[in-house]
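Asks: structure-v5.txt is reproduced in full below (compact mmCIF, C-alpha atoms).
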# COMPACT_ATOMS: atom_id res chain seq x y z
CA MET A 228 6.82 34.73 15.12
CA THR A 229 7.88 33.62 11.66
CA GLN A 230 11.36 32.98 12.96
CA MET A 231 9.95 30.91 15.81
CA LEU A 232 7.93 28.81 13.39
CA ASP A 233 11.00 28.33 11.20
CA GLU A 234 12.97 27.11 14.21
CA ILE A 235 10.23 24.69 15.14
CA ALA A 236 10.20 23.41 11.56
CA VAL A 237 13.96 22.92 11.59
CA GLN A 238 13.82 21.10 14.94
CA HIS A 239 11.08 18.89 13.58
CA GLU A 240 13.14 18.14 10.50
CA LEU A 241 16.11 17.11 12.66
CA SER A 242 14.11 14.93 15.04
CA ALA A 243 11.87 13.35 12.39
CA GLU A 244 12.08 9.57 12.69
CA PRO A 245 10.85 7.50 9.78
CA ILE A 246 7.42 5.94 10.39
CA LYS A 247 7.83 2.25 11.24
CA LYS A 248 4.22 1.15 11.41
CA VAL A 249 0.71 2.45 10.75
CA SER A 250 -2.53 1.39 12.43
CA ILE A 251 -5.48 2.49 10.35
CA VAL A 252 -9.03 2.66 11.69
CA VAL A 253 -11.67 2.23 8.97
CA SER A 254 -14.99 3.55 10.27
CA LYS A 255 -16.97 4.29 7.11
CA GLY A 256 -18.68 1.82 4.81
CA SER A 257 -18.79 3.77 1.56
CA LEU A 258 -16.38 3.11 -1.29
CA GLU A 259 -14.66 6.46 -0.74
CA GLY A 260 -14.55 5.73 2.98
CA ILE A 261 -12.75 2.40 2.54
CA TYR A 262 -10.32 2.84 -0.38
CA PRO A 263 -8.06 5.53 1.11
CA ALA A 264 -7.36 3.27 4.10
CA LEU A 265 -6.52 0.30 1.85
CA ILE A 266 -4.25 2.40 -0.35
CA MET A 267 -2.45 3.74 2.72
CA ALA A 268 -2.06 0.29 4.30
CA ASN A 269 -0.75 -1.26 1.07
CA GLY A 270 1.50 1.75 0.51
CA ALA A 271 2.97 1.34 3.99
CA ARG A 272 3.84 -2.29 3.29
CA MET A 273 5.35 -1.29 -0.07
CA GLU A 274 7.67 1.04 1.84
CA GLY A 275 8.60 -1.74 4.23
CA MET A 276 6.52 -0.38 7.13
CA GLY A 277 4.16 -2.45 9.24
CA ALA A 278 0.46 -1.95 8.52
CA GLU A 279 -2.68 -3.00 10.36
CA LEU A 280 -6.31 -2.25 9.58
CA PHE A 281 -8.98 -2.06 12.26
CA PHE A 282 -12.51 -2.14 10.89
CA THR A 283 -15.23 -0.56 13.01
CA PHE A 284 -18.90 0.46 12.58
CA PHE A 285 -19.84 0.46 8.89
CA GLY A 286 -16.21 0.13 7.94
CA LEU A 287 -16.77 -3.50 8.90
CA ASP A 288 -18.72 -3.94 5.63
CA ALA A 289 -15.37 -4.12 3.82
CA ILE A 290 -14.57 -7.46 5.48
CA ARG A 291 -18.11 -8.89 5.70
CA LYS A 292 -18.73 -11.68 3.22
CA ASP A 293 -22.35 -10.57 2.73
CA LYS A 294 -21.62 -6.84 2.34
CA GLN A 295 -18.29 -6.55 0.56
CA GLY A 296 -19.78 -6.84 -2.91
CA LYS A 297 -22.40 -4.18 -2.13
CA ILE A 298 -20.09 -1.31 -1.26
CA ARG A 299 -21.02 1.83 -3.19
CA VAL A 300 -19.98 5.44 -3.62
CA ALA A 301 -22.18 7.75 -1.51
CA THR A 302 -24.16 9.89 -3.97
CA VAL A 303 -26.23 11.59 -1.27
CA GLY A 304 -24.74 14.03 1.24
CA ASN A 305 -21.38 13.83 -0.50
CA PRO A 306 -20.38 17.35 -1.63
CA GLY A 307 -17.36 15.90 -3.45
CA MET A 308 -19.68 14.27 -5.98
CA HIS A 309 -20.91 17.71 -7.14
CA MET A 310 -24.29 16.17 -7.59
CA PRO A 311 -27.47 17.56 -6.02
CA SER A 312 -28.67 15.13 -3.33
CA LEU A 313 -32.11 15.12 -5.01
CA ILE A 314 -30.50 13.45 -8.05
CA GLY A 315 -28.31 11.28 -5.85
CA VAL A 316 -31.37 9.60 -4.34
CA LEU A 317 -32.62 8.35 -7.73
CA PRO A 318 -32.54 4.54 -7.99
CA GLY A 319 -29.30 3.28 -9.52
CA MET A 320 -27.32 6.51 -9.12
CA SER A 321 -24.85 5.16 -6.60
CA TRP A 322 -24.54 1.95 -8.63
CA ILE A 323 -23.64 3.97 -11.74
CA ALA A 324 -21.21 6.19 -9.84
CA THR A 325 -19.57 3.10 -8.36
CA LYS A 326 -19.24 1.43 -11.78
CA MET A 327 -17.68 4.57 -13.23
CA MET A 328 -15.22 4.87 -10.38
CA ALA A 329 -14.33 1.17 -10.50
CA ARG A 330 -13.48 1.54 -14.21
CA GLU A 331 -11.20 4.50 -13.53
CA MET A 332 -9.50 2.68 -10.66
CA GLU A 333 -8.91 -0.43 -12.76
CA LYS A 334 -7.06 1.80 -15.26
CA LEU A 335 -4.72 2.81 -12.42
CA ASP A 336 -4.32 -0.85 -11.43
CA ILE A 337 -6.23 -0.32 -8.16
CA PRO A 338 -7.87 -3.68 -7.39
CA PRO A 339 -11.48 -4.25 -6.28
CA ILE A 340 -11.92 -4.28 -2.48
CA GLY A 341 -11.81 -8.08 -2.05
CA GLU A 342 -8.65 -8.49 -4.11
CA PHE A 343 -7.10 -5.45 -2.44
CA LEU A 344 -7.62 -6.96 1.03
CA GLU A 345 -6.05 -10.22 -0.17
CA LEU A 346 -3.09 -8.26 -1.50
CA ILE A 347 -2.62 -6.46 1.84
CA HIS A 348 -3.00 -9.72 3.76
CA ASP A 349 -0.45 -11.51 1.56
CA SER A 350 1.89 -8.53 2.00
CA GLY A 351 1.85 -9.22 5.73
CA GLY A 352 -0.64 -6.50 6.70
CA GLY A 353 -2.95 -7.37 9.60
CA MET A 354 -6.72 -6.89 9.62
CA TYR A 355 -9.03 -6.92 12.60
CA ALA A 356 -12.71 -6.40 13.37
CA CYS A 357 -13.88 -4.18 16.23
CA GLN A 358 -15.38 -6.16 19.13
CA ALA A 359 -18.01 -3.53 19.99
CA THR A 360 -19.34 -3.44 16.42
CA VAL A 361 -19.24 -7.23 16.13
CA ASP A 362 -21.38 -7.45 19.30
CA MET A 363 -23.70 -4.70 18.12
CA PHE A 364 -24.45 -6.42 14.81
CA GLY A 365 -24.41 -9.93 16.31
CA LEU A 366 -21.53 -11.14 14.11
CA THR A 367 -18.89 -13.89 14.43
CA MET A 368 -15.62 -14.70 12.61
CA GLU A 369 -17.78 -16.79 10.24
CA ASP A 370 -19.23 -13.57 8.83
CA PHE A 371 -15.83 -12.29 7.74
CA ILE A 372 -13.55 -12.99 4.79
CA PRO A 373 -10.77 -15.50 5.62
CA GLN A 374 -8.05 -12.83 5.58
CA VAL A 375 -9.34 -11.34 8.86
CA ASP A 376 -6.87 -12.11 11.66
CA GLY A 377 -9.23 -11.65 14.58
CA ILE A 378 -11.64 -9.53 16.62
CA LEU A 379 -10.12 -6.95 18.97
CA THR A 380 -11.41 -4.78 21.79
CA VAL A 381 -10.34 -1.16 21.68
CA GLY A 382 -7.81 -1.86 24.42
CA GLU A 383 -6.26 -4.71 22.44
CA PHE A 384 -6.17 -2.46 19.40
CA TYR A 385 -4.15 0.13 21.31
CA ASP A 386 -1.82 -2.60 22.61
CA ARG A 387 -1.21 -3.85 19.09
CA SER A 388 -0.65 -0.27 17.91
CA ALA A 389 2.28 0.34 20.26
CA GLY A 390 4.87 2.34 18.38
CA ALA A 391 2.57 2.86 15.39
CA GLU A 392 1.01 5.98 13.91
CA VAL A 393 -2.74 5.67 14.41
CA ILE A 394 -4.76 6.98 11.48
CA PHE A 395 -8.53 7.35 11.64
CA THR A 396 -10.52 7.33 8.41
CA MET B 93 22.62 13.33 -7.06
CA THR B 94 26.08 11.92 -6.44
CA THR B 95 28.56 9.92 -8.45
CA THR B 96 29.81 6.82 -6.66
CA GLU B 97 31.70 3.75 -7.65
CA ILE B 98 29.81 0.48 -7.44
CA ALA B 99 31.32 -2.83 -8.55
CA GLY B 100 34.17 -0.92 -10.16
CA VAL B 101 31.93 1.37 -12.24
CA ALA B 102 31.32 5.09 -11.63
CA VAL B 103 27.55 5.60 -11.57
CA GLU B 104 25.21 8.46 -10.75
CA ARG B 105 22.70 7.84 -7.95
CA ASP B 106 19.87 9.92 -6.51
CA ALA B 107 19.48 10.83 -2.82
CA GLU B 108 17.85 7.46 -2.09
CA GLY B 109 20.47 5.45 -3.97
CA PHE B 110 18.54 4.72 -7.17
CA LEU B 111 20.57 4.80 -10.39
CA VAL B 112 19.88 7.92 -12.42
CA ASP B 113 20.64 6.25 -15.76
CA PRO B 114 19.35 2.67 -16.16
CA ALA B 115 21.87 2.18 -19.01
CA GLN B 116 24.74 2.31 -16.50
CA TRP B 117 23.43 -0.81 -14.79
CA THR B 118 25.15 -4.21 -14.76
CA PRO B 119 24.16 -7.35 -12.84
CA GLU B 120 27.24 -6.83 -10.63
CA ILE B 121 25.95 -3.37 -9.69
CA GLY B 122 22.62 -5.01 -8.84
CA GLU B 123 24.34 -7.47 -6.53
CA GLU B 124 26.23 -4.68 -4.78
CA ILE B 125 23.07 -2.58 -4.27
CA ALA B 126 21.30 -5.69 -2.92
CA ARG B 127 24.05 -6.17 -0.31
CA GLU B 128 23.77 -2.49 0.67
CA SER B 129 20.00 -2.97 1.05
CA GLY B 130 20.31 -5.93 3.40
CA ILE B 131 20.02 -8.78 0.90
CA PRO B 132 23.34 -10.66 1.14
CA GLU B 133 22.75 -12.87 -1.88
CA LEU B 134 20.40 -12.65 -4.83
CA THR B 135 18.76 -16.03 -5.51
CA PRO B 136 17.27 -16.97 -8.90
CA ARG B 137 13.85 -15.96 -7.47
CA HIS B 138 15.19 -12.50 -6.60
CA TRP B 139 16.58 -12.20 -10.12
CA GLN B 140 13.26 -13.21 -11.62
CA VAL B 141 11.61 -10.23 -9.91
CA VAL B 142 14.47 -7.80 -10.60
CA ARG B 143 14.59 -8.71 -14.29
CA PHE B 144 10.80 -8.50 -14.62
CA MET B 145 10.82 -5.00 -13.07
CA ARG B 146 13.70 -3.83 -15.24
CA GLU B 147 12.39 -5.28 -18.49
CA ARG B 148 8.92 -3.86 -17.88
CA TYR B 149 10.37 -0.45 -17.13
CA LEU B 150 12.60 -0.44 -20.19
CA ALA B 151 9.70 -1.54 -22.39
CA THR B 152 6.98 0.78 -21.06
CA GLY B 153 8.75 3.62 -19.25
CA THR B 154 7.01 2.85 -15.95
CA ALA B 155 7.69 0.26 -13.30
CA PRO B 156 4.87 -2.25 -12.68
CA SER B 157 2.55 -1.87 -9.67
CA ILE B 158 2.84 -4.32 -6.78
CA ARG B 159 -0.44 -5.81 -8.02
CA SER B 160 0.93 -6.65 -11.46
CA LEU B 161 4.25 -7.66 -9.98
CA GLY B 162 2.36 -10.27 -7.95
CA LYS B 163 0.26 -11.38 -10.90
CA GLU B 164 2.73 -11.32 -13.76
CA SER B 165 6.27 -11.79 -12.45
CA GLY B 166 5.63 -15.43 -11.58
CA VAL B 167 6.42 -14.72 -7.93
CA PRO B 168 3.32 -14.38 -5.70
CA ILE B 169 2.86 -11.47 -3.25
CA LYS B 170 3.72 -13.47 -0.11
CA GLU B 171 7.02 -14.63 -1.56
CA LEU B 172 7.78 -11.13 -2.91
CA TYR B 173 7.72 -9.81 0.64
CA GLN B 174 9.83 -12.72 1.89
CA LEU B 175 12.43 -12.00 -0.79
CA PHE B 176 12.33 -8.21 -0.33
CA PRO B 177 11.07 -7.51 3.21
CA LYS B 178 11.72 -3.76 2.96
CA GLY B 179 9.36 -3.41 -0.02
CA PRO B 180 9.50 -5.58 -3.17
CA ALA B 181 8.74 -2.98 -5.85
CA LYS B 182 11.04 -0.34 -4.39
CA LEU B 183 13.95 -2.69 -3.71
CA ALA B 184 13.69 -4.64 -6.96
CA ALA B 185 13.70 -1.31 -8.83
CA LYS B 186 16.76 -0.15 -6.95
CA ILE B 187 18.63 -3.42 -7.53
CA GLY B 188 17.53 -3.46 -11.18
CA GLY B 189 18.93 0.03 -11.76
CA ILE B 190 15.64 1.75 -12.64
CA PRO B 191 14.04 4.80 -10.96
CA LYS B 192 11.92 4.46 -7.82
CA PRO B 193 8.35 3.45 -8.79
CA ARG B 194 6.06 6.48 -8.53
CA GLY B 195 2.72 4.69 -8.36
CA CYS B 196 0.61 4.43 -5.21
CA ILE B 197 -0.28 0.78 -5.77
Before we go any further, please render this structure as structure tokens.
Replies:
Amino acid sequence: MTQMLDEIAVQHELSAEPIKKVSIVVSKGSLEGIYPALIMANGARMEGMGAELFFTFFGLDAIRKDKQGKIRVATVGNPGMHMPSLIGVLPGMSWIATKMMAREMEKLDIPPIGEFLELIHDSGGGMYACQATVDMFGLTMEDFIPQVDGILTVGEFYDRSAGAEVIFT
Amino acid sequence: MTTTEIAGVAVERDAEGFLVDPAQWTPEIGEEIARESGIPELTPRHWQVVRFMRERYLATGTAPSIRSLGKESGVPIKELYQLFPKGPAKLAAKIGGIPKPRGCI
């Protein structure tokens, strides 16, 4: 069994092609739901790979003019915070947690969400809104930051993602 | 790690082709690495980025992030990617004879 696994690993090593492009689906609207996708998209461009972001459901908040500035860390129902949910519900808790995290990220030169999206856009990364969510919330292109390239149906998203690794966050 | 000759100088390079010792670097080595990396000729704008990366690394011990490269090198992000399509920070570091940037940004 171990030998079989080793052989599979070796075969994988030999056939491993470098990743050429990533298509990242952003489905969550919390700070910790959005940042990993942005870091991965920017990182792909830094390595010379193609990168596209597809924002769906509450992930759409990242590119909405009226919501982008209100993105917070989830302090309730987030075991990673190591904070009892009863404390997490107190007014201002998620604001404080967000401020603290923003300060730490600035130290690492991680930009705020708006600037980060500009950086990815200027790097040549694409960003798209999900048609179904846009319809559900009654939105138009006017509701989005200018870096957004368009609104795509799921079928169009798959077409654009030909040859890419699709990553869901 | 292998020793190879670039622009008439024997230099040590890591598996990805980055110079192991930044002190071995010369501008001629930079030009040769640029050609290897698909940039036939380094323009003054390329050099501005390469020198900024190298000077910042030599002064602080770490290469700048792509964010500060875009803000402080005098070359904006869009142009950085036009100059170095395969990744500005990585390529400018390689051409400038400094280690591969380790940061995620």
Asks: For a test of reading the model, state the distance in Å between atom CA of Ala185 of chain B and atom CA of Gln374 of chain A, rounded to one decimal.
Replies: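 Atom-to-atom, atom CA of Ala185 of chain B and atom CA of Gln374 of chain A are spaced 28.5 Å apart.
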Asks: Kindly provide the residues of chain A that approach chain B to within 6 Å, each paired with its closest atom pair and their distance in Å to one decimal, based on all atoms listed in the file, listed by chain and increasing number, as a Markdown table.
Replies:
| residue | atom | partner | partner_atom | distance |
| --- | --- | --- | --- | --- |
| A:Met273 | CA | B:Gly179 | CA | 4.5 |
| A:Glu274 | CA | B:Gly179 | CA | 5.1 |
| A:Gly275 | CA | B:Lys178 | CA | 3.9 |
| A:Asp349 | CA | B:Lys170 | CA | 4.9 |
| A:Ser350 | CA | B:Lys170 | CA | 5.7 |
Asks: Calculated over only C-alpha atoms, which of the candidates B:Arg105, B:Arg148, B:Arg137, B:Lys163 has the smallest distance to Lys186 of chain B?
Replies: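 Of B:Arg105, B:Arg148, B:Arg137, B:Lys163, the one nearest Lys186 of chain B, counting only C-alpha atoms, is B:Arg105.
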Asks: Go through A:Gly286, A:Gly256, A:Pro263, A:Gly382 one by one, measure the shortest atom-to-atom distance of each to Thr360 of chain A using all atoms listed in the file, and give the residue with the smallest value.
Replies: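 Counting all atoms listed in the file, the residue closest to Thr360 of chain A is A:Gly286.
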Asks: Any idea what the distance is between atom CA of Ile337 of chain A and atom CA of Pro245 of chain A?
Replies: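 A separation of 26.0 Å between them.
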Asks: Applying 12 Å and all atoms listed in the file, which residues near segment 294-297 of chain A remain after dropping the ones on its own chain fewer than 5 positions away? List them as a ChimeraX atom specification.
Replies: /A:256-258,261,285-289,321-322,325-326,339-344,370-372
Asks: Got a sec: who's within 10 Å of Ala126 of chain B, counting all atoms listed in the file, leaving out chain neighbours fewer than 4 positions off, as an MDAnalysis selection string?
Replies: chainID B and resid 120:122 130:134 138 176 183:184 186:188
Asks: Okay, now the selection with C-alpha atoms, as a compact mmCIF listing (two decimals), in the coordinates of the input?
Replies:
# COMPACT_ATOMS: atom_id res chain seq x y z
CA GLU B 120 27.24 -6.83 -10.63
CA ILE B 121 25.95 -3.37 -9.69
CA GLY B 122 22.62 -5.01 -8.84
CA GLY B 130 20.31 -5.93 3.40
CA ILE B 131 20.02 -8.78 0.90
CA PRO B 132 23.34 -10.66 1.14
CA GLU B 133 22.75 -12.87 -1.88
CA LEU B 134 20.40 -12.65 -4.83
CA HIS B 138 15.19 -12.50 -6.60
CA PHE B 176 12.33 -8.21 -0.33
CA LEU B 183 13.95 -2.69 -3.71
CA ALA B 184 13.69 -4.64 -6.96
CA LYS B 186 16.76 -0.15 -6.95
CA ILE B 187 18.63 -3.42 -7.53
CA GLY B 188 17.53 -3.46 -11.18
Asks: Which neighbours of segment 114-116 of chain B fall inside 9 Å, counting all atoms listed in the file, when residues of the same chain fewer than 5 positions from it are skipped, and could you give them as a PDB file with C-alpha atoms, keeping the file's coordinate frame?
Replies:
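For reference, part.pdb as written:
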ATOM      1  CA  VAL B 101      31.930   1.370 -12.240  1.00  0.00           C
ATOM      2  CA  ALA B 102      31.320   5.090 -11.630  1.00  0.00           C
ATOM      3  CA  VAL B 103      27.550   5.600 -11.570  1.00  0.00           C
ATOM      4  CA  GLU B 104      25.210   8.460 -10.750  1.00  0.00           C
ATOM      5  CA  ILE B 121      25.950  -3.370  -9.690  1.00  0.00           C
ATOM      6  CA  ARG B 146      13.700  -3.830 -15.240  1.00  0.00           C
ATOM      7  CA  LEU B 150      12.600  -0.440 -20.190  1.00  0.00           C
ATOM      8  CA  GLY B 188      17.530  -3.460 -11.180  1.00  0.00           C
ATOM      9  CA  GLY B 189      18.930   0.030 -11.760  1.00  0.00           C
ATOM     10  CA  ILE B 190      15.640   1.750 -12.640  1.00  0.00           C
ATOM     11  CA  PRO B 191      14.040   4.800 -10.960  1.00  0.00           C
TER      12      PRO B 191
END
Asks: Hey, what's within 12 Å of segment 362-366 of chain A if we count all atoms listed in the file and toss same-chain stuff fewer than 2 positions away? As a count of residues only, please?
Replies: 21
Asks: Compare B:Asp113, B:Asp106, B:Glu123, B:Glu164 by their minimum atom-to-atom distance to Thr94 of chain B, counting all atoms listed in the file, and give me the closest one.
Replies: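 Of all the options, B:Asp106 lies closest to Thr94 of chain B.
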Asks: Could you state the separation of atom CA of Ile98 of chain B and atom CA of Val142 of chain B in Å, given to one decimal place?
Replies: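 We find that atom CA of Ile98 of chain B and atom CA of Val142 of chain B lie 17.7 Å from each other.
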Asks: Closest to Gly315 of chain A among A:Ala243, A:Val381, A:Val300, A:Met276, using only C-alpha atoms?
Replies: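 Selected residue with least distance to Gly315 of chain A: A:Val300.
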Asks: Give me, as JSON, numbers by chain, all polymer residues having an atom no more than 10 Å from Val316 of chain A, counting all atoms listed in the file and skipping those fewer than 2 positions away in the same chain.
Replies: {"A": [301, 302, 303, 304, 311, 312, 313, 314, 318, 319, 320, 321]}
Asks: Enclose the full set of atoms of segment 382-391 of chain A listed in the file within a box whose edges lie along x, y and z, apply 8 Å of padding to each of the six sides, and report centre and edge lengths in Å to one decimal as AutoDock Vina command-line options.
Replies:
--center_x -1.5 --center_y -0.9 --center_z 19.9 --size_x 28.7 --size_y 23.6 --size_z 25.0
Asks: Considering all atoms listed in the file, can you say which of B:Arg194, B:Thr152, B:Trp117, B:Pro136 comes closest to Val167 of chain B?
Replies: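 Closest candidate: B:Pro136.
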